[in-house]
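Here's final-v9.csv, which has CSV, C-alpha atoms:
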```csv
chain,number,residue,atom,x,y,z
V,436,MET,CA,19.8,-38.4,-12.3
V,437,ALA,CA,16.2,-37.9,-11.4
V,438,GLU,CA,13.7,-38.3,-14.2
V,439,ILE,CA,10.5,-36.5,-14.6
V,440,PRO,CA,7.6,-39.0,-15.3
V,441,ILE,CA,5.2,-38.5,-18.1
V,442,LEU,CA,1.8,-39.9,-17.5
V,443,ARG,CA,-0.8,-40.6,-20.2
V,444,ILE,CA,-4.4,-39.7,-19.7
V,445,GLY,CA,-6.4,-40.6,-22.9
V,446,ASP,CA,-4.8,-38.7,-25.6
V,447,CYS,CA,-3.2,-36.2,-23.2
V,448,LEU,CA,0.2,-36.4,-21.5
V,449,LEU,CA,0.6,-35.1,-18.0
V,450,VAL,CA,4.0,-33.9,-16.7
V,451,SER,CA,4.2,-33.0,-13.1
V,452,ILE,CA,7.3,-31.0,-12.2
V,453,GLN,CA,8.2,-31.5,-8.6
V,454,VAL,CA,11.9,-31.1,-8.4
V,455,ASP,CA,14.2,-28.2,-9.1
V,456,MET,CA,14.9,-27.9,-12.8
V,457,HIS,CA,18.3,-27.5,-14.2
V,458,ASP,CA,19.7,-27.5,-17.7
V,459,ARG,CA,20.2,-31.2,-18.3
V,460,LEU,CA,16.9,-32.2,-16.7
V,461,ALA,CA,15.1,-29.6,-18.9
V,462,LEU,CA,16.8,-30.9,-22.0
V,463,ALA,CA,16.0,-34.5,-21.0
V,464,LEU,CA,12.3,-33.6,-20.4
V,465,GLN,CA,12.0,-31.9,-23.8
V,466,ASP,CA,13.6,-34.9,-25.4
V,467,ASP,CA,11.3,-37.4,-23.6
V,468,LEU,CA,8.2,-35.4,-24.1
V,469,THR,CA,8.6,-34.9,-27.9
V,470,GLN,CA,9.3,-38.6,-28.3
V,471,ARG,CA,6.2,-39.5,-26.3
V,472,ILE,CA,4.0,-37.0,-28.2
V,473,VAL,CA,5.0,-38.8,-31.4
V,474,ALA,CA,4.8,-42.3,-30.0
V,475,ASP,CA,1.5,-41.9,-28.3
V,476,ARG,CA,0.0,-39.6,-30.9
V,477,ALA,CA,-0.9,-37.2,-28.1
V,478,ARG,CA,-3.0,-34.2,-28.8
V,479,GLY,CA,-2.5,-32.3,-25.5
V,480,VAL,CA,0.3,-31.8,-23.0
V,481,MET,CA,-0.4,-30.7,-19.5
V,482,ILE,CA,2.4,-29.4,-17.3
V,483,ASP,CA,1.6,-29.3,-13.6
V,484,ILE,CA,3.8,-26.8,-11.7
V,485,SER,CA,1.7,-26.7,-8.5
V,486,ALA,CA,4.7,-28.0,-6.5
V,487,LEU,CA,7.0,-25.3,-7.7
V,488,GLU,CA,7.5,-22.4,-5.3
V,489,ILE,CA,10.0,-20.6,-7.5
V,490,VAL,CA,9.7,-20.2,-11.3
V,491,ASP,CA,12.5,-18.2,-12.8
V,492,SER,CA,13.1,-17.0,-16.3
V,493,PHE,CA,14.9,-20.4,-17.0
V,494,ILE,CA,11.8,-22.4,-16.3
V,495,GLY,CA,9.7,-19.8,-18.0
V,496,ARG,CA,11.7,-20.2,-21.2
V,497,MET,CA,11.6,-24.0,-20.9
V,498,LEU,CA,7.8,-23.9,-20.7
V,499,ASN,CA,7.6,-21.7,-23.7
V,500,ASN,CA,10.0,-24.0,-25.6
V,501,ILE,CA,7.9,-27.1,-24.8
V,502,ALA,CA,4.8,-25.3,-25.9
V,503,ALA,CA,6.4,-24.3,-29.2
V,504,MET,CA,7.7,-27.9,-29.8
V,505,SER,CA,4.3,-29.4,-29.0
V,506,LYS,CA,2.6,-27.0,-31.3
V,507,VAL,CA,4.9,-28.1,-34.2
V,508,LEU,CA,3.8,-31.7,-33.4
V,509,ASP,CA,0.1,-30.5,-33.3
V,510,ALA,CA,-0.4,-30.9,-29.6
V,511,VAL,CA,-1.7,-28.1,-27.4
V,512,THR,CA,0.2,-27.3,-24.2
V,513,VAL,CA,-1.5,-26.2,-21.0
V,514,VAL,CA,0.3,-25.1,-17.9
V,515,VAL,CA,-1.7,-25.8,-14.8
V,516,GLY,CA,-1.5,-25.2,-11.0
V,517,MET,CA,0.5,-22.1,-10.9
V,518,ARG,CA,0.6,-20.5,-7.4
V,519,PRO,CA,-0.5,-16.8,-7.0
V,520,ALA,CA,2.9,-15.8,-5.8
V,521,VAL,CA,4.6,-17.4,-8.8
V,522,ALA,CA,2.2,-15.7,-11.2
V,523,ILE,CA,3.0,-12.3,-9.6
V,524,THR,CA,6.7,-13.0,-9.8
V,525,LEU,CA,6.6,-14.0,-13.5
V,526,VAL,CA,4.6,-10.9,-14.4
V,527,GLU,CA,7.0,-8.7,-12.5
V,528,LEU,CA,9.9,-10.4,-14.4
V,529,GLY,CA,8.0,-9.5,-17.6
V,530,LEU,CA,7.4,-13.2,-18.5
V,531,GLY,CA,3.8,-13.4,-19.5
V,532,LEU,CA,4.2,-16.9,-21.0
V,533,THR,CA,2.2,-15.6,-23.9
V,534,GLY,CA,2.8,-18.8,-26.0
V,535,VAL,CA,1.3,-21.1,-23.4
V,536,ARG,CA,-2.3,-21.7,-22.4
V,537,THR,CA,-3.0,-21.9,-18.7
V,538,ALA,CA,-5.6,-23.4,-16.4
V,539,LEU,CA,-6.1,-23.4,-12.6
V,540,ASN,CA,-5.8,-27.1,-12.0
V,541,VAL,CA,-5.5,-30.4,-13.8
V,542,ASP,CA,-9.3,-30.8,-14.0
V,543,LYS,CA,-9.8,-27.5,-15.7
V,544,GLY,CA,-6.7,-28.1,-17.8
V,545,LEU,CA,-8.1,-31.4,-19.2
V,546,ALA,CA,-11.4,-29.6,-20.0
V,547,LEU,CA,-9.6,-26.8,-21.7
V,548,ILE,CA,-7.5,-29.3,-23.9
V,549,ARG,CA,-10.7,-31.2,-24.7
V,550,ARG,CA,-12.4,-27.9,-25.8
V,551,ILE,CA,-9.4,-26.8,-27.9
V,552,ILE,CA,-9.1,-30.2,-29.6
V,553,ASP,CA,-12.8,-30.5,-30.3
V,554,ASN,CA,-13.1,-27.1,-32.1
V,555,PRO,CA,-9.9,-25.1,-32.4
V,556,GLU,CA,-11.5,-22.4,-34.6
V,557,ARG,CA,-14.2,-21.6,-32.1
V,558,ASP,CA,-11.7,-21.3,-29.3
V,559,ASP,CA,-9.6,-18.8,-31.1
V,560,ALA,CA,-12.6,-16.8,-32.1
V,561,ASP,CA,-13.7,-16.9,-28.5
V,562,ARG,CA,-10.5,-15.3,-27.3
V,563,GLU,CA,-10.7,-12.6,-30.0
V,564,ARG,CA,-14.1,-11.5,-29.2
T,1124,MET,CA,28.6,29.6,32.3
T,1125,SER,CA,27.0,28.3,35.4
T,1126,ASP,CA,26.4,31.8,36.6
T,1127,ARG,CA,24.5,32.5,33.4
T,1128,GLU,CA,22.3,29.4,33.7
T,1129,ASN,CA,21.7,30.2,37.2
T,1130,ILE,CA,20.1,33.6,36.5
T,1131,ILE,CA,17.4,32.1,34.4
T,1132,LEU,CA,16.9,29.3,36.8
T,1133,ARG,CA,16.8,31.8,39.7
T,1134,LEU,CA,14.2,33.9,37.9
T,1135,ILE,CA,12.0,30.9,37.1
T,1136,ASP,CA,12.3,29.7,40.7
T,1137,ARG,CA,11.5,33.1,42.2
T,1138,HIS,CA,8.8,34.2,39.9
T,1139,SER,CA,7.3,30.8,39.0
T,1140,GLN,CA,3.7,31.9,39.9
T,1141,ARG,CA,3.9,35.1,38.0
T,1142,LEU,CA,5.6,33.5,35.0
T,1143,LEU,CA,2.9,30.8,34.9
T,1144,ARG,CA,0.2,33.4,35.0
T,1145,ASP,CA,1.7,35.6,32.3
T,1146,TRP,CA,2.4,32.6,30.1
T,1147,LEU,CA,-1.2,31.4,30.4
T,1148,ALA,CA,-2.6,34.8,29.8
T,1149,TYR,CA,-0.4,35.1,26.7
T,1150,GLN,CA,-1.6,31.7,25.4
T,1151,GLN,CA,-5.2,32.6,25.9
T,1152,ARG,CA,-4.7,35.8,23.9
T,1153,GLU,CA,-3.1,33.8,21.1
T,1154,ALA,CA,-5.7,31.0,21.1
T,1155,LYS,CA,-8.5,31.4,18.7
T,1156,TYR,CA,-10.9,29.3,20.7
T,1157,GLY,CA,-11.0,28.4,24.4
T,1158,GLY,CA,-13.3,26.4,26.5
T,1159,THR,CA,-12.7,26.1,30.2
T,1160,GLN,CA,-11.7,22.5,30.0
T,1161,ARG,CA,-9.1,23.2,27.4
T,1162,GLU,CA,-7.8,26.1,29.5
T,1163,ALA,CA,-7.5,23.9,32.6
T,1164,GLU,CA,-5.7,21.3,30.6
T,1165,THR,CA,-3.3,23.8,29.2
T,1166,ALA,CA,-2.7,25.3,32.7
T,1167,GLU,CA,-2.0,21.9,34.1
T,1168,LEU,CA,0.4,21.2,31.2
T,1169,ALA,CA,2.2,24.5,31.7
T,1170,ARG,CA,2.6,23.9,35.4
T,1171,ARG,CA,4.1,20.5,34.8
T,1172,PHE,CA,6.3,21.9,32.0
T,1173,LEU,CA,7.7,24.6,34.3
T,1174,ASP,CA,8.4,22.2,37.1
T,1175,GLN,CA,10.1,19.9,34.7
T,1176,LEU,CA,12.1,22.7,33.1
T,1177,ARG,CA,13.4,23.7,36.5
T,1178,ALA,CA,14.4,20.2,37.3
T,1179,SER,CA,16.1,19.6,34.0
T,1180,ALA,CA,17.8,23.0,33.7
T,1181,ARG,CA,19.3,22.5,37.1
T,1182,ILE,CA,21.4,19.5,35.9
T,1183,ALA,CA,21.5,19.9,32.1
T,1184,GLN,CA,23.2,22.0,29.4
T,1185,PHE,CA,21.1,24.6,27.8
T,1186,GLU,CA,22.7,24.1,24.5
T,1187,ASP,CA,21.6,20.5,23.7
T,1188,VAL,CA,18.1,19.3,24.3
T,1189,GLU,CA,18.8,15.9,22.9
T,1190,THR,CA,20.6,14.8,26.1
T,1191,ILE,CA,19.2,12.4,28.7
T,1192,GLU,CA,18.6,15.2,31.2
T,1193,TRP,CA,16.0,16.7,29.0
T,1194,ARG,CA,14.1,13.5,28.4
T,1195,PRO,CA,11.2,14.3,30.8
T,1196,ILE,CA,10.6,17.6,29.0
T,1197,ARG,CA,10.8,15.9,25.6
T,1198,GLU,CA,8.3,13.3,26.7
T,1199,LEU,CA,6.0,15.9,28.0
T,1200,LEU,CA,6.2,17.8,24.6
T,1201,GLU,CA,5.7,14.5,22.7
T,1202,ASP,CA,2.5,13.9,24.7
T,1203,LEU,CA,1.3,17.4,24.1
T,1204,SER,CA,1.9,17.4,20.3
T,1205,ARG,CA,0.5,14.0,19.9
T,1206,ASP,CA,-2.7,15.0,21.7
T,1207,ARG,CA,-3.0,18.2,19.7
T,1208,ALA,CA,-2.3,16.6,16.4
T,1209,VAL,CA,-5.0,14.0,17.0
T,1210,GLN,CA,-7.4,16.6,18.2
T,1211,GLY,CA,-6.9,18.6,15.0
T,1212,PHE,CA,-4.9,21.6,16.2
T,1213,SER,CA,-2.9,23.5,13.6
T,1214,PRO,CA,0.9,23.4,13.8
T,1215,THR,CA,0.9,27.1,14.8
T,1216,GLU,CA,-1.5,26.5,17.7
T,1217,THR,CA,0.7,23.6,18.9
T,1218,ALA,CA,3.9,25.5,18.7
T,1219,THR,CA,2.4,28.6,20.4
T,1220,PHE,CA,2.4,26.6,23.6
T,1221,ILE,CA,6.2,26.8,23.8
T,1222,PHE,CA,6.9,29.9,21.9
T,1223,SER,CA,4.6,32.0,24.0
T,1224,LEU,CA,6.9,31.3,27.0
T,1225,LYS,CA,9.4,33.7,25.5
T,1226,GLU,CA,7.6,36.9,26.2
T,1227,PRO,CA,7.1,36.4,29.9
T,1228,LEU,CA,10.6,35.1,30.3
T,1229,PHE,CA,12.1,38.0,28.4
T,1230,ALA,CA,10.1,40.4,30.5
T,1231,LEU,CA,11.5,38.9,33.7
T,1232,LEU,CA,15.0,39.1,32.3
T,1233,ARG,CA,14.5,42.7,31.3
T,1234,GLU,CA,13.5,43.6,34.8
T,1235,GLU,CA,16.3,41.7,36.4
T,1236,LEU,CA,19.1,42.9,34.1
T,1237,ARG,CA,17.9,46.4,33.4
T,1238,ASP,CA,21.3,47.9,34.1
T,1239,ASP,CA,23.5,45.4,32.3
T,1240,THR,CA,22.6,45.6,28.6
T,1241,GLU,CA,25.3,43.4,27.3
T,1242,ARG,CA,24.4,40.6,29.7
T,1243,LEU,CA,20.7,41.1,28.9
T,1244,VAL,CA,21.3,40.5,25.2
T,1245,ARG,CA,23.4,37.5,26.0
T,1246,GLU,CA,20.8,35.9,28.3
T,1247,THR,CA,18.0,36.7,26.0
T,1248,SER,CA,19.6,35.0,23.1
T,1249,THR,CA,20.5,31.9,25.2
T,1250,THR,CA,16.9,31.6,26.4
T,1251,SER,CA,15.6,32.2,23.0
T,1252,ARG,CA,17.8,29.4,21.6
T,1253,LEU,CA,16.6,27.0,24.2
T,1254,ILE,CA,12.9,27.8,23.6
T,1255,ASP,CA,13.4,27.6,19.8
T,1256,ARG,CA,14.9,24.1,20.1
T,1257,LEU,CA,12.0,22.9,22.3
T,1258,GLY,CA,9.5,24.5,19.9
T,1259,LEU,CA,11.1,22.8,16.9
T,1260,TYR,CA,11.1,19.5,18.8
T,1261,THR,CA,7.3,20.0,19.4
T,1262,ILE,CA,6.7,20.6,15.7
T,1263,GLU,CA,8.7,17.6,14.8
T,1264,CYS,CA,6.6,15.4,17.1
T,1265,TYR,CA,3.5,17.0,15.7
T,1266,ALA,CA,4.5,16.2,12.1
T,1267,ARG,CA,5.4,12.7,13.0
T,1268,THR,CA,2.0,12.0,14.6
T,1269,ARG,CA,0.3,13.5,11.6
T,1270,GLU,CA,2.3,11.3,9.3
T,1271,GLU,CA,1.3,8.2,11.3
T,1272,VAL,CA,-2.3,9.2,11.0
T,1273,ILE,CA,-2.0,9.6,7.3
T,1274,ARG,CA,-0.2,6.3,6.9
T,1275,ARG,CA,-2.8,4.5,8.9
T,1276,GLN,CA,-5.6,6.0,6.8
T,1277,GLN,CA,-3.8,5.0,3.6
T,1278,GLN,CA,-3.6,1.5,4.8
T,1279,GLU,CA,-7.2,1.4,5.7
T,1280,LEU,CA,-8.1,2.9,2.3
T,1281,LEU,CA,-6.1,0.2,0.6
T,1282,GLU,CA,-8.0,-2.6,2.5
T,1283,LEU,CA,-11.3,-0.9,1.9
T,1284,SER,CA,-11.1,-0.3,-1.7
T,1285,THR,CA,-10.1,-3.7,-3.2
T,1286,PRO,CA,-13.0,-6.1,-3.0
T,1287,VAL,CA,-13.3,-9.1,-5.2
T,1288,VAL,CA,-16.9,-10.0,-5.9
T,1289,GLU,CA,-18.3,-13.3,-7.1
T,1290,LEU,CA,-20.9,-12.4,-9.7
T,1291,TRP,CA,-21.8,-15.8,-10.8
T,1292,ASP,CA,-20.5,-19.3,-10.5
T,1293,GLY,CA,-17.0,-19.0,-12.0
T,1294,ILE,CA,-17.2,-15.3,-12.8
T,1295,LEU,CA,-15.4,-12.8,-10.5
T,1296,ALA,CA,-15.7,-9.0,-10.6
T,1297,LEU,CA,-13.0,-6.6,-9.5
T,1298,PRO,CA,-14.4,-3.1,-9.2
T,1299,LEU,CA,-11.4,-0.8,-9.0
T,1300,ILE,CA,-12.0,2.5,-7.2
T,1301,GLY,CA,-9.3,5.2,-6.9
T,1302,THR,CA,-5.9,5.7,-8.5
T,1303,LEU,CA,-4.0,2.5,-9.3
T,1304,ASP,CA,-0.5,2.8,-8.0
T,1305,SER,CA,2.2,0.1,-7.5
T,1306,ALA,CA,1.2,-0.7,-3.9
T,1307,ARG,CA,-2.5,-1.0,-4.7
T,1308,THR,CA,-1.8,-3.1,-7.8
T,1309,GLN,CA,0.1,-5.5,-5.7
T,1310,ILE,CA,-2.7,-5.9,-3.2
T,1311,VAL,CA,-5.4,-6.1,-6.0
T,1312,MET,CA,-3.4,-8.7,-7.8
T,1313,GLU,CA,-2.8,-10.8,-4.7
T,1314,SER,CA,-6.4,-10.7,-3.7
T,1315,LEU,CA,-7.7,-11.4,-7.2
T,1316,LEU,CA,-5.4,-14.4,-7.6
T,1317,GLN,CA,-6.3,-15.8,-4.2
T,1318,HIS,CA,-10.0,-15.5,-5.1
T,1319,ILE,CA,-9.3,-17.3,-8.4
T,1320,VAL,CA,-7.7,-20.2,-6.5
T,1321,ASN,CA,-10.5,-20.3,-4.0
T,1322,SER,CA,-13.4,-20.1,-6.4
T,1323,GLY,CA,-11.9,-21.8,-9.4
T,1324,ALA,CA,-13.2,-18.9,-11.5
T,1325,GLU,CA,-12.2,-18.8,-15.2
T,1326,ILE,CA,-13.4,-15.3,-16.0
T,1327,ALA,CA,-12.6,-12.1,-14.1
T,1328,ILE,CA,-14.2,-8.8,-15.0
T,1329,ILE,CA,-12.0,-5.8,-14.1
T,1330,ASP,CA,-14.2,-2.7,-13.8
T,1331,ILE,CA,-12.4,0.6,-14.0
T,1332,THR,CA,-15.4,2.9,-13.6
T,1333,GLY,CA,-14.0,4.2,-10.4
T,1334,VAL,CA,-10.5,4.9,-11.8
T,1335,PRO,CA,-10.2,8.6,-12.4
T,1336,THR,CA,-7.4,8.6,-15.0
T,1337,VAL,CA,-5.6,6.0,-17.0
T,1338,ASP,CA,-2.1,6.9,-18.0
T,1339,THR,CA,0.7,4.7,-19.1
T,1340,LEU,CA,1.6,3.6,-15.6
T,1341,VAL,CA,-2.0,2.6,-14.7
T,1342,ALA,CA,-2.2,0.8,-18.0
T,1343,GLN,CA,1.0,-1.0,-17.2
T,1344,HIS,CA,-0.5,-2.1,-13.8
T,1345,LEU,CA,-3.7,-3.3,-15.5
T,1346,ILE,CA,-1.7,-5.3,-18.0
T,1347,LYS,CA,0.3,-6.9,-15.2
T,1348,THR,CA,-2.9,-7.9,-13.3
T,1349,ILE,CA,-4.4,-9.3,-16.5
T,1350,SER,CA,-1.3,-11.3,-17.3
T,1351,ALA,CA,-1.1,-12.7,-13.8
T,1352,ALA,CA,-4.7,-13.8,-13.9
T,1353,ARG,CA,-4.1,-15.4,-17.2
T,1354,LEU,CA,-1.2,-17.4,-15.8
T,1355,MET,CA,-3.7,-18.7,-13.2
T,1356,GLY,CA,-6.0,-19.8,-16.0
T,1357,ALA,CA,-8.5,-17.0,-15.8
T,1358,ASP,CA,-9.4,-14.7,-18.7
T,1359,CYS,CA,-10.0,-11.1,-18.0
T,1360,ILE,CA,-12.6,-8.7,-19.4
T,1361,LEU,CA,-12.1,-5.0,-18.9
T,1362,SER,CA,-15.2,-3.0,-18.3
T,1363,GLY,CA,-16.4,0.4,-17.2
T,1364,ILE,CA,-14.3,2.4,-19.7
T,1365,ARG,CA,-15.6,5.9,-19.9
T,1366,PRO,CA,-15.5,7.7,-23.3
T,1367,GLN,CA,-12.8,10.1,-22.0
T,1368,ILE,CA,-10.6,7.2,-21.0
T,1369,ALA,CA,-11.1,5.4,-24.3
T,1370,GLN,CA,-9.8,8.6,-26.0
T,1371,THR,CA,-6.9,8.8,-23.6
T,1372,ILE,CA,-6.0,5.2,-24.2
T,1373,VAL,CA,-5.9,5.7,-28.0
T,1374,HIS,CA,-4.1,9.0,-27.8
T,1375,LEU,CA,-1.4,7.4,-25.6
T,1376,GLY,CA,-1.1,4.5,-28.0
T,1377,LEU,CA,-1.7,2.0,-25.3
T,1378,GLU,CA,-2.2,-1.6,-26.3
T,1379,LEU,CA,-4.1,-3.4,-23.6
T,1380,ASN,CA,-4.5,-6.7,-25.5
T,1381,VAL,CA,-7.7,-7.6,-23.6
T,1382,VAL,CA,-11.4,-7.9,-24.4
T,1383,SER,CA,-13.0,-4.7,-23.2
T,1384,LYS,CA,-16.6,-3.7,-22.8
T,1385,ALA,CA,-18.2,-0.3,-22.1
T,1386,THR,CA,-20.2,-1.4,-19.1
T,1387,MET,CA,-20.2,-4.1,-16.5
T,1388,ALA,CA,-23.5,-5.4,-17.8
T,1389,ASP,CA,-22.0,-6.1,-21.3
T,1390,ALA,CA,-19.0,-7.8,-19.7
T,1391,LEU,CA,-21.2,-10.0,-17.6
T,1392,ALA,CA,-23.3,-10.9,-20.7
T,1393,LEU,CA,-20.1,-11.9,-22.5
T,1394,ALA,CA,-18.8,-13.9,-19.5
T,1395,LEU,CA,-22.0,-15.8,-19.3
T,1396,ARG,CA,-22.0,-16.6,-23.0
T,1397,ARG,CA,-18.4,-17.8,-22.8
T,1398,SER,CA,-19.2,-20.1,-19.9
T,1399,GLY,CA,-22.2,-21.5,-21.8
T,1400,LYS,CA,-24.9,-19.9,-19.8
T,1401,ALA,CA,-27.7,-17.6,-20.8
T,1402,ILE,CA,-30.2,-15.4,-19.1
T,1403,THR,CA,-33.7,-15.5,-20.6
T,1404,GLU,CA,-37.0,-13.9,-19.8
T,1405,ARG,CA,-39.3,-16.1,-17.8
T,1406,LYS,CA,-42.4,-17.2,-19.8
T,1407,GLN,CA,-45.6,-15.7,-18.4
T,1408,PRO,CA,-47.7,-18.4,-16.9
T,1409,ALA,CA,-50.8,-19.0,-18.9
T,1410,ALA,CA,-53.8,-17.0,-17.6
T,1411,PRO,CA,-56.2,-19.3,-15.8
T,1412,GLY,CA,-59.2,-20.4,-17.9
T,1413,SER,CA,-57.6,-19.3,-21.2
T,1414,SER,CA,-56.9,-22.9,-22.5
```

Could the structure of this file be written out as structure tokens, please?
Amino acid sequence: MAEIPILRIGDCLLVSIQVDMHDRLALALQDDLTQRIVADRARGVMIDISALEIVDSFIGRMLNNIAAMSKVLDAVTVVVGMRPAVAITLVELGLGLTGVRTALNVDKGLALIRRIIDNPERDDADRER
Amino acid sequence: MSDRENIILRLIDRHSQRLLRDWLAYQQREAKYGGTQREAETAELARRFLDQLRASARIAQFEDVETIEWRPIRELLEDLSRDRAVQGFSPTETATFIFSLKEPLFALLREELRDDTERLVRETSTTSRLIDRLGLYTIECYARTREEVIRRQQQELLELSTPVVELWDGILALPLIGTLDSARTQIVMESLLQHIVNSGAEIAIIDITGVPTVDTLVAQHLIKTISAARLMGADCILSGIRPQIAQTIVHLGLELNVVSKATMADALALALRRSGKAITERKQPAAPGSS
């Protein structure tokens, strides 16, 4: 069974999803990721979905789950690289991925994680304003 | 049957010049405006129509104008109604071309069958049915052409009215003008997302100054656009909310869940602050000789 690699960049973990997700792969990824967050004391998780042409409700839920799990382990999750067509489809499906932060690409995702880790209060206030 | 068709055909054949003259005279009486060129065009069309009618009627059934034998006539009428629709004729003016053929034809029939009332009635109704069918066909073509024009204009309007403007490095503006329906939302969304990808912008200002009304459906479309932009990593600021619209939004109980500003200027100021930039007044250079 294919395994999704988890790369470490500083105190961030980068997951690049490039194959079709299915139940067992998603469960394995959640398992691996939570273990790595604890083991590496990671503060941020970046999930790159730029290779995905189709994101359905299943993957949407998986992303939400990963974000919730990371949050419990005090790591912030950022989904990066979503394609315009995918974004439109998700919105039409009613999946706003409200629990997940998003960024355009890995570069901006790293900057966003850095910003959130450095001053979490300011960022929240920023969004409220 | 054949005898009956023959009498009309015979009449048209025998009196074609007179028929044409009467028909044109009748059309001129009906037409509100003329112009010699238009009259010449109409005369030419009428002549071609009569010729074609004779050719088609000789081989075809009167009852059904959808058959292949009537195709030349149908094409002629299609051309006519298309031209007139594009030139801005009214449906009445377009249909008058065909319907005004009735009077001269009936007059001919009346003369020919003066003594046979029963036959006269029968022939008149047959002719009337044929001309009605042709007239209806003309109107259908006319309506079709008009619909095409409307569709094309709608498409052009869509493309015209959804620009995405780069206000600053990393700040996009989306001035919406006109009512926001599903089709437009789709186009707006696609073009906004594509611009976000191209420019790497993190803030998008959606300006709804030009949106006449905001109801639940429009709000729904706005929310969709904002969510989609958020999924692409860009935050949205809503601006250009008129007092009337603010009241409507509250009365309808809509929850937009987005930062909103009254004017585009406020929104731009916020966007600049968020991206860590500021606009300041330039210091006046010291007057020469003052130091």

Selected residue, from T:Leu1316, T:Gln1407, T:Ala1342, T:Ala1394, that lies nearest to chain V when counting only C-alpha atoms:
T:Leu1316

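Those residues of chain T that fall within 6 Å of chain V when using all atoms listed in the file read Leu1316, Lys1347, Ser1350, Ala1351, Leu1354, Met1355 and Gly1356 of chain T.
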
Quick one: of V:Gly534, V:Asp542, V:Ala486, V:Gly445, who's nearest to Arg1353 (chain T), counting all atoms listed in the file?
V:Gly534

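Between CA of Asp467 (chain V) and CA of Gly495 (chain V) there is a distance of 18.5 Å.
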
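Across the model, the gap from CA of Val1287 (chain T) to CA of His1318 (chain T) is 7.2 Å.
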
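Shown here are all protein and nucleic acid residues lying within 7 Å of (-6.6, -33.2, -26.4), with all atoms listed in the file considered: Asp446, Cys447, Arg478, Gly479, Ile548, Arg549 and Ile552 of chain V.
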
Give me the residues within 12 Å of Ile494 (chain V) as a PyMOL selection string, counting only C-alpha atoms and dropping any in the same chain fewer than 6 places off.
chain V and resi 452+454-458+460-462+464+482+484+487-488+500-501+514+521+525+530+532

Find the residues with any atom within 12 Å of (-13.0, -17.2, -9.5); use all atoms listed in the file and the coordinates as given in the file, and write the answer as a PyMOL selection string.
(chain V and resi 538-539) or (chain T and resi 1287-1297+1314-1328+1352-1353+1355-1359)

Restrict the selected residues to C-alpha atoms and save them as a short mmCIF file (atom, residue, chain, number, x, y, z; two decimals), in the coordinates of the input.
```
data_model
loop_
_atom_site.label_atom_id
_atom_site.label_comp_id
_atom_site.auth_asym_id
_atom_site.auth_seq_id
_atom_site.Cartn_x
_atom_site.Cartn_y
_atom_site.Cartn_z
CA ALA V 538 -5.60 -23.40 -16.40
CA LEU V 539 -6.10 -23.40 -12.60
CA VAL T 1287 -13.30 -9.10 -5.20
CA VAL T 1288 -16.90 -10.00 -5.90
CA GLU T 1289 -18.30 -13.30 -7.10
CA LEU T 1290 -20.90 -12.40 -9.70
CA TRP T 1291 -21.80 -15.80 -10.80
CA ASP T 1292 -20.50 -19.30 -10.50
CA GLY T 1293 -17.00 -19.00 -12.00
CA ILE T 1294 -17.20 -15.30 -12.80
CA LEU T 1295 -15.40 -12.80 -10.50
CA ALA T 1296 -15.70 -9.00 -10.60
CA LEU T 1297 -13.00 -6.60 -9.50
CA SER T 1314 -6.40 -10.70 -3.70
CA LEU T 1315 -7.70 -11.40 -7.20
CA LEU T 1316 -5.40 -14.40 -7.60
CA GLN T 1317 -6.30 -15.80 -4.20
CA HIS T 1318 -10.00 -15.50 -5.10
CA ILE T 1319 -9.30 -17.30 -8.40
CA VAL T 1320 -7.70 -20.20 -6.50
CA ASN T 1321 -10.50 -20.30 -4.00
CA SER T 1322 -13.40 -20.10 -6.40
CA GLY T 1323 -11.90 -21.80 -9.40
CA ALA T 1324 -13.20 -18.90 -11.50
CA GLU T 1325 -12.20 -18.80 -15.20
CA ILE T 1326 -13.40 -15.30 -16.00
CA ALA T 1327 -12.60 -12.10 -14.10
CA ILE T 1328 -14.20 -8.80 -15.00
CA ALA T 1352 -4.70 -13.80 -13.90
CA ARG T 1353 -4.10 -15.40 -17.20
CA MET T 1355 -3.70 -18.70 -13.20
CA GLY T 1356 -6.00 -19.80 -16.00
CA ALA T 1357 -8.50 -17.00 -15.80
CA ASP T 1358 -9.40 -14.70 -18.70
CA CYS T 1359 -10.00 -11.10 -18.00
#
```

re CA of Leu1340 (chain T) and CA of Leu1299 (chain T): distance 15.2 Å

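Residue nearest Ala1390 (chain T), chosen from T:Gly1363, T:Pro1195, T:Gly1376, T:Glu1404 and counting only C-alpha atoms: T:Gly1363.
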
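For Val1373 (chain T), the set of protein, DNA and RNA residues having any atom at most 12 Å away, when counting only C-alpha atoms and skipping those fewer than 6 positions along the same chain, is Val1337, Asp1338, Thr1339, Ala1342, Pro1366, Gln1367 and Leu1379 of chain T.
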
Padding of 6 Å on every side, edges along x, y and z, all listed atoms of region 507-516 of chain V included: what centre and edge lengths in Å, to one decimal, does that box have, as lines of an AutoDock Vina configuration file?
```
center_x = 1.6
center_y = -28.4
center_z = -22.6
size_x = 18.6
size_y = 18.6
size_z = 35.2
```
